[in-house]
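Printed here is protein-v1.txt (compact mmCIF, C-alpha atoms and all ligand atoms):
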```
# COMPACT_ATOMS: atom_id res chain seq x y z
CA MET A 30 119.04 109.96 88.71
CA THR A 31 117.83 112.29 91.44
CA SER A 32 116.24 114.78 89.06
CA ALA A 33 114.77 111.90 87.14
CA LEU A 34 113.23 110.52 90.31
CA GLU A 35 111.64 113.89 90.99
CA ASN A 36 109.46 113.30 87.94
CA PRO A 37 106.38 111.52 89.33
CA ALA A 38 105.39 110.21 85.90
CA LEU A 39 108.62 108.25 85.66
CA LEU A 40 108.33 104.51 86.27
CA SER A 41 111.39 103.14 88.02
CA LEU A 42 112.70 99.71 87.17
CA ALA A 43 115.91 100.74 88.87
CA ALA A 44 115.50 100.54 92.64
CA GLY A 45 116.11 97.14 94.24
CA PHE A 46 113.33 97.74 96.77
CA THR A 47 110.53 95.39 97.64
CA ASP A 48 106.83 95.94 97.09
CA ASN A 49 105.24 98.40 99.58
CA GLY A 50 101.83 96.81 99.21
CA SER A 51 103.20 93.44 100.31
CA LEU A 52 105.03 94.54 103.45
CA PRO A 53 103.98 92.58 106.57
CA ALA A 54 102.26 95.43 108.46
CA GLU A 55 99.81 93.14 110.22
CA GLU A 56 102.48 90.66 111.29
CA VAL A 57 104.68 93.45 112.62
CA ARG A 58 101.74 95.10 114.42
CA HIS A 59 100.95 91.82 116.11
CA GLY A 60 104.59 91.30 117.07
CA VAL A 61 104.97 94.81 118.47
CA ALA A 62 101.72 94.46 120.46
CA ASN A 63 102.99 91.26 122.05
CA LEU A 64 106.45 92.64 122.74
CA THR A 65 105.02 95.69 124.48
CA ALA A 66 101.95 94.13 126.10
CA GLN A 67 101.10 95.18 129.62
CA GLY A 68 102.96 93.00 132.06
CA ALA A 69 105.34 91.62 129.42
CA ASP A 70 109.07 92.03 129.98
CA PRO A 71 110.05 95.05 127.83
CA GLU A 72 113.61 93.72 127.40
CA ALA A 73 113.46 94.24 123.62
CA LEU A 74 113.50 97.99 124.31
CA GLN A 75 116.83 97.60 126.10
CA TYR A 76 120.27 97.32 124.46
CA GLY A 77 120.94 93.79 123.30
CA LEU A 78 124.04 91.72 122.59
CA ASN A 79 126.65 92.95 120.13
CA GLN A 80 126.53 89.56 118.39
CA GLY A 81 122.73 89.55 118.18
CA ARG A 82 119.83 88.03 120.10
CA LEU A 83 120.53 84.49 121.20
CA GLU A 84 117.07 83.17 120.38
CA LEU A 85 117.07 84.81 116.95
CA ARG A 86 120.47 83.30 116.18
CA ARG A 87 119.19 79.91 117.33
CA MET A 88 116.18 80.13 115.04
CA LEU A 89 118.20 81.34 112.06
CA GLY A 90 120.77 78.61 112.67
CA ALA A 91 118.02 75.98 112.79
CA ARG A 92 116.45 77.38 109.60
CA LEU A 93 119.75 77.22 107.73
CA ALA A 94 120.59 73.74 109.05
CA ALA A 95 117.19 72.55 107.79
CA GLN A 96 118.06 73.86 104.31
CA GLU A 97 121.42 72.13 104.00
CA GLN A 98 122.50 68.65 104.92
CA GLY A 99 125.51 68.39 107.16
CA LEU A 100 125.16 71.67 109.06
CA ASP A 101 124.78 71.86 112.80
CA ALA A 102 122.27 74.44 114.03
CA GLU A 103 124.08 75.14 117.28
CA THR A 104 127.43 75.71 115.60
CA LEU A 105 125.78 78.02 113.07
CA SER A 106 124.17 80.16 115.75
CA ALA A 107 127.45 80.35 117.72
CA GLN A 108 129.29 81.47 114.56
CA MET A 109 126.58 83.96 113.60
CA LEU A 110 126.46 87.71 113.94
CA VAL A 111 123.23 89.59 113.43
CA THR A 112 123.87 92.76 111.46
CA ASN A 113 122.16 95.91 110.23
CA GLY A 114 121.15 94.24 107.00
CA SER A 115 123.66 92.05 105.21
CA GLN A 116 125.13 95.31 103.89
CA GLN A 117 126.77 95.88 107.27
CA ALA A 118 128.08 92.30 107.27
CA LEU A 119 129.74 92.98 103.91
CA TYR A 120 131.26 96.18 105.20
CA LEU A 121 132.59 94.60 108.39
CA ALA A 122 134.12 91.74 106.43
CA ILE A 123 136.00 93.98 104.03
CA GLN A 124 136.96 96.52 106.65
CA VAL A 125 138.79 93.93 108.71
CA LEU A 126 140.32 92.02 105.78
CA CYS A 127 141.53 94.77 103.49
CA ASN A 128 143.67 97.86 103.35
CA PRO A 129 143.65 100.46 100.58
CA GLY A 130 145.42 99.03 97.55
CA ASP A 131 144.27 95.46 98.26
CA ILE A 132 142.29 93.33 95.83
CA VAL A 133 139.05 91.35 96.18
CA LEU A 134 138.16 88.74 93.53
CA VAL A 135 134.53 89.12 92.46
CA ASP A 136 131.93 87.46 90.27
CA ARG A 137 131.02 89.04 86.96
CA PRO A 138 128.58 90.78 86.97
CA SER A 139 128.48 91.51 90.69
CA TYR A 140 126.43 93.42 93.27
CA PHE A 141 127.16 97.03 92.38
CA VAL A 142 126.76 98.48 95.88
CA PHE A 143 129.45 96.06 97.06
CA LEU A 144 131.70 97.15 94.19
CA GLU A 145 131.05 100.78 95.12
CA MET A 146 131.94 99.97 98.72
CA LEU A 147 135.22 98.41 97.65
CA ASN A 148 136.02 101.54 95.66
CA GLY A 149 135.12 103.68 98.67
CA LEU A 150 137.58 101.71 100.82
CA GLY A 151 140.29 101.97 98.17
CA VAL A 152 140.06 98.24 97.43
CA ARG A 153 140.23 97.02 93.83
CA PRO A 154 137.71 94.47 92.54
CA VAL A 155 139.15 91.98 90.04
CA SER A 156 136.69 89.76 88.17
CA LEU A 157 136.96 85.99 87.96
CA PRO A 158 136.97 84.69 84.38
CA THR A 159 133.35 84.21 83.34
CA ALA A 160 131.27 83.57 80.24
CA SER A 161 128.89 86.32 79.10
CA ASP A 162 125.97 84.72 80.96
CA GLY A 163 127.84 85.06 84.27
CA ALA A 164 128.81 81.37 84.55
CA LEU A 165 132.38 80.79 85.71
CA ASP A 166 134.72 79.88 82.86
CA LEU A 167 136.04 76.71 84.47
CA VAL A 168 138.54 76.06 81.68
CA ALA A 169 140.14 79.47 81.99
CA LEU A 170 139.93 79.58 85.79
CA ARG A 171 142.96 77.50 86.83
CA PRO A 172 145.47 79.02 84.41
CA TRP A 173 144.13 82.44 85.39
CA LEU A 174 144.56 81.71 89.11
CA ARG A 175 148.07 80.40 88.42
CA ARG A 176 149.06 83.54 86.51
CA LEU A 177 147.63 85.72 89.28
CA ARG A 178 149.64 83.73 91.83
CA GLY A 179 152.84 84.55 89.96
CA SER A 180 152.00 88.23 89.46
CA PRO A 181 153.02 91.18 91.67
CA ASP A 182 149.30 91.55 92.59
CA ALA A 183 149.24 88.16 94.35
CA ALA A 184 150.13 89.51 97.79
CA ARG A 185 147.34 92.09 97.58
CA VAL A 186 144.52 89.60 96.99
CA LYS A 187 142.67 89.39 100.32
CA ALA A 188 139.26 87.83 99.67
CA LEU A 189 136.79 86.34 97.23
CA TYR A 190 133.15 87.48 96.92
CA PHE A 191 130.22 86.12 94.97
CA VAL A 192 126.41 86.24 94.96
CA SER A 193 125.24 82.68 94.56
CA TYR A 194 121.42 82.58 94.63
CA PHE A 195 119.18 84.57 92.24
CA SER A 196 121.91 87.12 91.95
CA ASN A 197 121.69 90.85 91.94
CA PRO A 198 122.00 91.87 89.12
CA SER A 199 121.90 88.77 86.90
CA GLY A 200 119.16 86.67 88.55
CA ARG A 201 121.52 83.74 88.03
CA SER A 202 122.31 81.06 90.64
CA MET A 203 125.53 79.08 90.90
CA SER A 204 125.27 75.35 90.47
CA GLU A 205 126.75 73.15 93.17
CA SER A 206 129.30 71.73 90.74
CA GLU A 207 130.39 75.25 89.76
CA LYS A 208 130.83 76.16 93.43
CA ILE A 209 132.81 72.96 94.08
CA ALA A 210 135.00 73.53 91.02
CA LEU A 211 135.75 77.06 92.21
CA GLY A 212 136.83 75.80 95.66
CA ASP A 213 138.90 72.98 94.14
CA SER A 214 140.62 75.32 91.69
CA LEU A 215 141.52 77.82 94.39
CA ARG A 216 142.91 75.09 96.61
CA SER A 217 144.92 73.40 93.90
CA GLU A 218 146.43 76.73 92.83
CA GLY A 219 147.45 77.51 96.41
CA TRP A 220 144.93 80.24 97.21
CA HIS A 221 143.80 80.01 100.83
CA LEU A 222 141.48 83.00 100.65
CA PRO A 223 138.70 84.16 102.96
CA VAL A 224 135.48 83.74 100.99
CA LEU A 225 132.26 85.76 101.20
CA GLU A 226 129.19 83.98 99.89
CA ASP A 227 126.34 86.48 99.55
CA ALA A 228 123.02 84.63 99.73
CA ALA A 229 120.80 87.72 100.11
CA TYR A 230 118.08 86.35 97.80
CA ARG A 231 118.27 82.67 98.68
CA GLU A 232 114.83 82.62 100.33
CA LEU A 233 113.22 84.53 97.48
CA TYR A 234 112.78 81.58 95.13
CA TYR A 235 109.42 81.46 93.36
CA GLN A 236 108.57 77.78 93.33
CA ALA A 237 111.47 75.66 94.53
CA PRO A 238 114.66 76.40 96.47
CA TRP A 239 117.85 76.51 94.42
CA PRO A 240 119.36 73.06 95.07
CA ALA A 241 123.03 74.02 95.53
CA ARG A 242 124.45 73.91 99.03
CA SER A 243 126.51 76.81 100.33
CA VAL A 244 130.24 77.03 101.09
CA LEU A 245 129.32 76.22 104.69
CA ALA A 246 128.35 72.66 103.78
CA LEU A 247 130.55 71.78 100.80
CA ASP A 248 133.72 69.75 101.49
CA ALA A 249 135.56 71.63 98.73
CA TRP A 250 135.43 74.74 100.92
CA ASP A 251 136.26 73.10 104.26
CA GLN A 252 139.73 74.55 104.56
CA PHE A 253 138.76 78.12 103.72
CA PRO A 254 137.76 80.86 106.18
CA ARG A 255 134.11 81.36 105.13
CA PHE A 256 131.59 84.12 105.71
CA TYR A 257 128.10 83.21 104.51
CA LEU A 258 125.69 86.11 104.67
CA SER A 259 122.03 86.57 104.14
CA THR A 260 119.22 88.85 105.19
CA LEU A 261 115.66 89.07 106.42
CA THR A 262 115.14 92.42 104.69
CA LYS A 263 114.13 91.19 101.25
CA SER A 264 112.32 88.16 102.63
CA PHE A 265 110.37 89.97 105.39
CA ALA A 266 110.68 93.74 105.85
CA THR A 267 113.45 95.83 104.35
CA GLY A 268 112.79 98.63 106.83
CA LEU A 269 113.71 96.47 109.82
CA LYS A 270 117.22 96.04 108.37
CA VAL A 271 117.97 92.73 110.05
CA GLY A 272 120.60 90.64 108.29
CA PHE A 273 123.14 88.07 109.44
CA GLY A 274 126.38 86.35 108.62
CA VAL A 275 127.92 83.03 109.67
CA CYS A 276 131.70 83.17 109.91
CA THR A 277 133.64 79.93 110.33
CA ASP A 278 136.90 81.59 111.32
CA ALA A 279 137.05 82.66 114.97
CA GLY A 280 139.75 85.30 114.46
CA TRP A 281 137.98 86.94 111.53
CA ARG A 282 134.64 86.78 113.37
CA ASP A 283 136.07 88.36 116.53
CA ARG A 284 137.61 91.21 114.58
CA MET A 285 134.28 91.87 112.85
CA LEU A 286 132.48 91.85 116.19
CA HIS A 287 135.04 94.25 117.56
CA VAL A 288 134.40 96.70 114.72
CA LYS A 289 130.65 96.16 115.01
CA GLY A 290 130.99 97.24 118.62
CA HIS A 291 132.45 100.50 117.35
CA HIS A 292 129.64 100.92 114.81
CA ASP A 293 126.64 100.29 117.03
CA PHE A 294 127.32 97.66 119.76
CA GLY A 295 124.47 95.60 118.39
CA THR A 296 121.79 95.73 115.71
CA SER A 297 118.52 97.25 116.98
CA ASN A 298 117.37 94.83 119.65
CA PHE A 299 113.74 95.76 119.00
CA ALA A 300 113.93 95.14 115.25
CA GLN A 301 115.56 91.77 115.97
CA ALA A 302 112.83 90.93 118.48
CA VAL A 303 110.13 91.71 115.90
CA VAL A 304 111.74 89.38 113.37
CA GLU A 305 112.27 86.75 116.04
CA HIS A 306 108.58 86.95 116.94
CA ALA A 307 107.61 86.51 113.28
CA LEU A 308 109.88 83.48 112.96
CA ARG A 309 108.42 81.98 116.12
CA ASP A 310 104.72 82.46 115.37
CA GLY A 311 104.97 81.37 111.72
CA SER A 312 104.17 84.76 110.18
CA PHE A 313 107.65 84.96 108.65
CA VAL A 314 107.00 81.82 106.62
CA ARG A 315 103.49 82.96 105.67
CA GLN A 316 104.90 86.29 104.47
CA LEU A 317 107.59 84.51 102.46
CA THR A 318 105.00 82.29 100.81
CA ARG A 319 103.01 85.40 99.84
CA VAL A 320 105.94 87.35 98.42
CA ARG A 321 107.29 84.38 96.47
CA ALA A 322 104.00 84.14 94.60
CA LEU A 323 103.85 87.91 94.17
CA TYR A 324 107.36 88.22 92.73
CA LEU A 325 106.74 85.36 90.34
CA LYS A 326 103.65 87.19 89.10
CA LYS A 327 105.53 90.46 88.76
CA MET A 328 108.52 88.87 87.06
CA ARG A 329 106.17 87.27 84.53
CA ALA A 330 104.35 90.58 83.93
CA LEU A 331 107.58 92.34 83.00
CA HIS A 332 109.18 89.42 81.16
CA GLU A 333 106.07 88.74 79.08
CA THR A 334 105.57 92.42 78.26
CA LEU A 335 109.14 92.63 76.94
CA LEU A 336 108.56 89.48 74.89
CA ASN A 337 105.14 90.48 73.58
CA GLU A 338 106.35 93.95 72.64
CA GLY A 339 109.05 92.32 70.48
CA LEU A 340 112.25 93.09 72.43
CA ALA A 341 113.83 89.70 71.61
CA SER A 342 113.28 90.26 67.90
CA LEU A 343 115.24 93.51 68.25
CA GLY A 344 118.24 91.39 69.27
CA TRP A 345 117.99 91.76 73.05
CA ARG A 346 118.63 88.72 75.24
CA TRP A 347 117.60 87.82 78.76
CA ARG A 348 116.37 84.89 80.83
CA ALA A 349 113.36 84.61 83.10
CA PRO A 350 114.85 83.94 86.57
CA SER A 351 113.44 81.40 89.05
CA GLY A 352 113.82 83.75 92.02
CA GLY A 353 114.89 87.22 93.08
CA LEU A 354 113.91 90.67 91.89
CA TYR A 355 115.78 91.28 88.64
CA LEU A 356 115.89 90.79 84.90
CA TRP A 357 119.37 91.15 83.41
CA LEU A 358 119.27 92.25 79.80
CA GLU A 359 121.98 92.11 77.15
CA ALA A 360 121.47 94.68 74.42
CA PRO A 361 122.51 93.89 70.86
CA GLY A 362 126.29 94.40 70.47
CA GLY A 363 127.24 97.96 69.77
CA LEU A 364 124.28 99.52 71.57
CA ASP A 365 125.60 101.56 74.49
CA THR A 366 123.23 101.37 77.47
CA GLY A 367 125.78 102.74 79.96
CA MET A 368 125.35 105.40 82.60
CA ASP A 369 125.69 108.48 80.41
CA SER A 370 124.52 106.94 77.14
CA ALA A 371 121.96 108.37 74.71
CA PHE A 372 119.88 105.22 75.34
CA CYS A 373 119.84 105.86 79.07
CA ARG A 374 118.78 109.49 78.55
CA ALA A 375 116.12 108.45 76.06
CA CYS A 376 114.65 106.02 78.60
CA VAL A 377 114.47 108.76 81.24
CA GLU A 378 112.78 111.03 78.68
CA GLY A 379 110.52 108.14 77.74
CA GLY A 380 109.49 107.79 81.41
CA VAL A 381 111.33 104.64 82.49
CA LEU A 382 114.43 104.15 84.60
CA PHE A 383 116.86 101.21 84.78
CA VAL A 384 120.27 100.43 86.30
CA PRO A 385 123.02 100.66 83.67
CA GLY A 386 124.91 97.38 83.65
CA ASP A 387 128.35 98.95 83.46
CA LEU A 388 128.03 99.70 87.19
CA CYS A 389 127.86 95.98 87.91
CA PHE A 390 131.32 94.95 86.71
CA GLY A 391 134.44 95.07 88.85
CA ASP A 392 136.63 95.82 85.85
CA ASP A 393 136.58 95.91 82.07
CA ALA A 394 132.84 96.73 82.03
CA PRO A 395 130.91 96.03 78.85
CA ARG A 396 128.38 98.76 78.06
CA ASN A 397 125.52 96.74 76.64
CA PHE A 398 123.96 95.24 79.76
CA LEU A 399 121.31 96.60 82.10
CA ARG A 400 119.24 95.57 85.10
CA LEU A 401 115.48 95.85 85.40
CA SER A 402 113.93 95.42 88.84
CA PHE A 403 110.33 94.35 89.21
CA GLY A 404 110.36 94.66 93.01
CA VAL A 405 108.67 98.01 93.51
CA LEU A 406 106.07 98.65 90.79
CA ARG A 407 102.59 97.15 90.71
CA VAL A 408 101.76 94.74 87.89
CA ASP A 409 99.98 97.36 85.72
CA ASP A 410 102.86 99.79 86.09
CA LEU A 411 105.36 97.04 85.28
CA ARG A 412 103.52 96.39 82.02
CA GLU A 413 103.50 100.10 81.19
CA ALA A 414 107.21 100.44 82.10
CA GLY A 415 108.00 97.43 79.88
CA ARG A 416 106.10 98.99 76.96
CA ARG A 417 107.95 102.29 77.41
CA PHE A 418 111.27 100.49 77.55
CA VAL A 419 110.66 98.54 74.33
CA ALA A 420 109.43 101.69 72.57
CA VAL A 421 112.83 103.31 73.27
CA ALA A 422 114.72 100.13 72.30
CA ARG A 423 112.85 100.13 68.97
CA ARG A 424 114.09 103.66 68.22
CA PHE A 425 117.68 102.48 68.87
CA ARG A 426 117.48 99.25 66.84
C1 LIG B 1 123.33 90.95 96.62
C2 LIG B 1 122.98 91.80 97.79
N1 LIG B 1 123.66 91.63 98.93
C3 LIG B 1 123.39 92.37 100.02
C4 LIG B 1 122.40 93.34 100.00
C5 LIG B 1 122.16 94.13 101.24
O1 LIG B 1 120.85 94.07 101.65
P1 LIG B 1 120.38 94.29 103.16
O2 LIG B 1 121.35 95.22 103.79
O3 LIG B 1 119.02 94.86 103.03
O4 LIG B 1 120.40 92.96 103.81
C6 LIG B 1 121.67 93.55 98.82
C7 LIG B 1 120.63 94.61 98.76
O5 LIG B 1 120.08 94.92 97.75
C8 LIG B 1 121.96 92.76 97.69
O6 LIG B 1 121.31 92.91 96.55
```

As structure tokens, what does this structure read like?
Amino acid sequence: MTSALENPALLSLAAGFTDNGSLPAEEVRHGVANLTAQGADPEALQYGLNQGRLELRRMLGARLAAQEQGLDAETLSAQMLVTNGSQQALYLAIQVLCNPGDIVLVDRPSYFVFLEMLNGLGVRPVSLPTASDGALDLVALRPWLRRLRGSPDAARVKALYFVSYFSNPSGRSMSESEKIALGDSLRSEGWHLPVLEDAAYRELYYQAPWPARSVLALDAWDQFPRFYLSTLTKSFATGLKVGFGVCTDAGWRDRMLHVKGHHDFGTSNFAQAVVEHALRDGSFVRQLTRVRALYLKKMRALHETLLNEGLASLGWRWRAPSGGLYLWLEAPGGLDTGMDSAFCRACVEGGVLFVPGDLCFGDDAPRNFLRLSFGVLRVDDLREAGRRFVAVARRFR
């Protein structure tokens, strides 16, 4: 990957970054000028609270409560911790819940950096039963949970994790009924597990928010310790690395805050203040409106290039997502698109890079999926990358 990236002619559909040209430089400049204006209190340049800025938590709590019926903004902000991106929230959660040898149940496919983190901590991901499109197999789920309950692994299962809105890597969102059925099945099979709902891309819908409520608001999840996490990186500025999580369980939350204290005793107070300023003066929402339209345009550029170049007629399958940064492609059966495959090497030689899908499965990874990201490249480059990709796929038909 590294040597491939050193080739400047290579077009990367691999990195899950956002678009440099769309970053909110003006909004941040304005925020920084106000925060450091002559005579203004420079408190943002001082250490802040381990849990995160009070006003930022209030605004994020209010924003979330406005998205979901039945949530109380004040409770959300009290239960919230602001983190160094949601990546840190994920790490804190697993660090305090799991020991080496433990198991975390995961969606399938799942966020591969999270899976890598589990491996790094000696924790084993085990996939929930799912259909090939990533939807939970609700018929198989209960008997599967029952069998797991009776197996020697049962005592090692410490948490459940899933990405529920415009997922990385699949672009798929969970329906509310699917989320309710998952909670009901766990409860009826006697699993009282801490649950991590990763909503990193929730705000990055193109035209309409995904209508499902989160585990924070659904009755089916009431009895579970819940950690809902999201981020302002993808929706505002990745470089500021401000994310957050809302944890309903006081003991779990306190232990995470304790460990966060060891990490950094608080996410950069200045970065938080910049985001807080953008939320307050409306530039956060204006930026979101801009990037939603931009990512729709970019998604269409890549999706339509793949279609027009004839990829579907070569037996490849994918869906145009309604939010997020990714296309998730299924290659025709038998074609290996995995990490060290001839197809992968041919794409690098052909000047285009992707994320092999086998990285995105907790276990039993099929080798005919891959992820294309349209976050970074400009529209013209996306079209060219799509053409290069289909040219390689044609050689491997
Ligand atoms: C599903 C998912 N969760 C969490 C993260 C972490 O992002 P950040 O630390 O920028 O909030 C990412 C980043 O790509 C992601 O794709």

Checklist line | Proximity to Ser264 in chain A - best of A:Ala330, A:Ile132, A:Leu126, A:Leu354, only C-alpha atoms | finding: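 For Ser264 in chain A, the nearest of the given residues is A:Leu354.
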
Item checked: Protein and nucleic residues near ligand LIG 1 (chain B), 7 Å, all atoms listed in the file, as a PyMOL selection string -> chain A and resi 45+113-117+140+192+196-197+227+229+259-263+267+270-272

Item checked: From A:Pro350, A:Gly60, A:Gly268, A:Pro129, residue lying nearest Met328 in chain A [only C-alpha atoms] ->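 Between A:Pro350, A:Gly60, A:Gly268, A:Pro129, the residue approaching Met328 in chain A most closely is A:Pro350.
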
Notebook entry, point to check: Smallest atom-to-atom distance to Glu232 in chain A: which of A:Ser204, A:Thr318, A:Gln252, A:Ser161, using all atoms listed in the file?
Noted result: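 That would be A:Thr318, the residue with the smallest distance to Glu232 in chain A.
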
Check: Leaving out Ala349 in chain A and any residue of its chain fewer than 2 positions from it, which residues lie within 8 Å of it when counting only C-alpha atoms, given as a list of chain:residue names?
Finding: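 The residues that qualify are A:Met328, A:Arg329, A:His332, A:Trp347, A:Ser351, A:Leu356.
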
Item checked: Val304 in chain A surroundings by only C-alpha atoms, 9 Å radius, close-in-sequence under 5 positions cut, as a PyMOL selection string -> chain A and resi 57+60+85+261+265-266+269+271+299+309+313

Save the residues we just selected, C-alpha atoms, as a PDB file, keeping the file's coordinate frame?
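Below you can see out_10.pdb, which holds the result:
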```
ATOM      1  CA  VAL A  57     104.680  93.450 112.620  1.00  0.00           C
ATOM      2  CA  GLY A  60     104.590  91.300 117.070  1.00  0.00           C
ATOM      3  CA  LEU A  85     117.070  84.810 116.950  1.00  0.00           C
ATOM      4  CA  LEU A 261     115.660  89.070 106.420  1.00  0.00           C
ATOM      5  CA  PHE A 265     110.370  89.970 105.390  1.00  0.00           C
ATOM      6  CA  ALA A 266     110.680  93.740 105.850  1.00  0.00           C
ATOM      7  CA  LEU A 269     113.710  96.470 109.820  1.00  0.00           C
ATOM      8  CA  VAL A 271     117.970  92.730 110.050  1.00  0.00           C
ATOM      9  CA  PHE A 299     113.740  95.760 119.000  1.00  0.00           C
ATOM     10  CA  ARG A 309     108.420  81.980 116.120  1.00  0.00           C
ATOM     11  CA  PHE A 313     107.650  84.960 108.650  1.00  0.00           C
TER      12      PHE A 313
END
```

Notebook entry, point to check: Leaving out Gly274 in chain A and any residue of its chain fewer than 2 positions from it, which residues lie within 12 Å of it when counting only C-alpha atoms, given as an NGL selection string?
Noted result: :A and (80-81 or 86 or 89-90 or 93 or 105-122 or 225-229 or 245 or 255-261 or 271-272 or 276-278 or 281-282 or 285-286)

Next item on the list: In Å, rounded to a single decimal, give me how far CA of Arg231 in chain A is from CA of Val152 in chain A.
Entry: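 Between CA of Val152 in chain A and CA of Arg231 in chain A the gap is 26.8 Å.
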
As a PDB file, in the coordinates of the input, could you write out range 75-90 of chain A once it has been completed with N, CA and C atoms?
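New file out_25.pdb:
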```pdb
ATOM      1  N   GLN A  75     115.521  97.384 125.481  1.00  0.00           N
ATOM      2  CA  GLN A  75     116.830  97.600 126.100  1.00  0.00           C
ATOM      3  C   GLN A  75     117.922  97.293 125.063  1.00  0.00           C
ATOM      4  N   TYR A  76     119.144  97.788 125.300  1.00  0.00           N
ATOM      5  CA  TYR A  76     120.270  97.320 124.460  1.00  0.00           C
ATOM      6  C   TYR A  76     120.301  95.799 124.457  1.00  0.00           C
ATOM      7  N   GLY A  77     120.790  95.248 123.358  1.00  0.00           N
ATOM      8  CA  GLY A  77     120.940  93.790 123.300  1.00  0.00           C
ATOM      9  C   GLY A  77     122.413  93.420 123.198  1.00  0.00           C
ATOM     10  N   LEU A  78     122.664  92.202 122.736  1.00  0.00           N
ATOM     11  CA  LEU A  78     124.040  91.720 122.590  1.00  0.00           C
ATOM     12  C   LEU A  78     124.650  92.232 121.287  1.00  0.00           C
ATOM     13  N   ASN A  79     125.941  92.520 121.340  1.00  0.00           N
ATOM     14  CA  ASN A  79     126.650  92.950 120.130  1.00  0.00           C
ATOM     15  C   ASN A  79     126.511  91.904 119.010  1.00  0.00           C
ATOM     16  N   GLN A  80     126.574  90.638 119.395  1.00  0.00           N
ATOM     17  CA  GLN A  80     126.530  89.560 118.390  1.00  0.00           C
ATOM     18  C   GLN A  80     125.116  89.323 117.860  1.00  0.00           C
ATOM     19  N   GLY A  81     124.106  89.765 118.608  1.00  0.00           N
ATOM     20  CA  GLY A  81     122.730  89.550 118.180  1.00  0.00           C
ATOM     21  C   GLY A  81     121.981  88.685 119.172  1.00  0.00           C
ATOM     22  N   ARG A  82     120.659  88.749 119.132  1.00  0.00           N
ATOM     23  CA  ARG A  82     119.830  88.030 120.100  1.00  0.00           C
ATOM     24  C   ARG A  82     120.060  86.516 120.001  1.00  0.00           C
ATOM     25  N   LEU A  83     120.221  85.923 121.154  1.00  0.00           N
ATOM     26  CA  LEU A  83     120.530  84.490 121.200  1.00  0.00           C
ATOM     27  C   LEU A  83     119.429  83.660 120.539  1.00  0.00           C
ATOM     28  N   GLU A  84     118.187  83.965 120.894  1.00  0.00           N
ATOM     29  CA  GLU A  84     117.070  83.170 120.380  1.00  0.00           C
ATOM     30  C   GLU A  84     116.932  83.354 118.867  1.00  0.00           C
ATOM     31  N   LEU A  85     117.139  84.563 118.395  1.00  0.00           N
ATOM     32  CA  LEU A  85     117.070  84.810 116.950  1.00  0.00           C
ATOM     33  C   LEU A  85     118.167  84.025 116.236  1.00  0.00           C
ATOM     34  N   ARG A  86     119.369  84.057 116.792  1.00  0.00           N
ATOM     35  CA  ARG A  86     120.470  83.300 116.180  1.00  0.00           C
ATOM     36  C   ARG A  86     120.158  81.804 116.187  1.00  0.00           C
ATOM     37  N   ARG A  87     119.544  81.341 117.269  1.00  0.00           N
ATOM     38  CA  ARG A  87     119.190  79.910 117.330  1.00  0.00           C
ATOM     39  C   ARG A  87     118.208  79.566 116.223  1.00  0.00           C
ATOM     40  N   MET A  88     117.204  80.439 116.044  1.00  0.00           N
ATOM     41  CA  MET A  88     116.180  80.130 115.040  1.00  0.00           C
ATOM     42  C   MET A  88     116.750  80.212 113.630  1.00  0.00           C
ATOM     43  N   LEU A  89     117.613  81.215 113.398  1.00  0.00           N
ATOM     44  CA  LEU A  89     118.200  81.340 112.060  1.00  0.00           C
ATOM     45  C   LEU A  89     119.150  80.178 111.781  1.00  0.00           C
ATOM     46  N   GLY A  90     119.882  79.764 112.816  1.00  0.00           N
ATOM     47  CA  GLY A  90     120.770  78.610 112.670  1.00  0.00           C
ATOM     48  C   GLY A  90     119.977  77.361 112.330  1.00  0.00           C
TER      49      GLY A  90
END
```
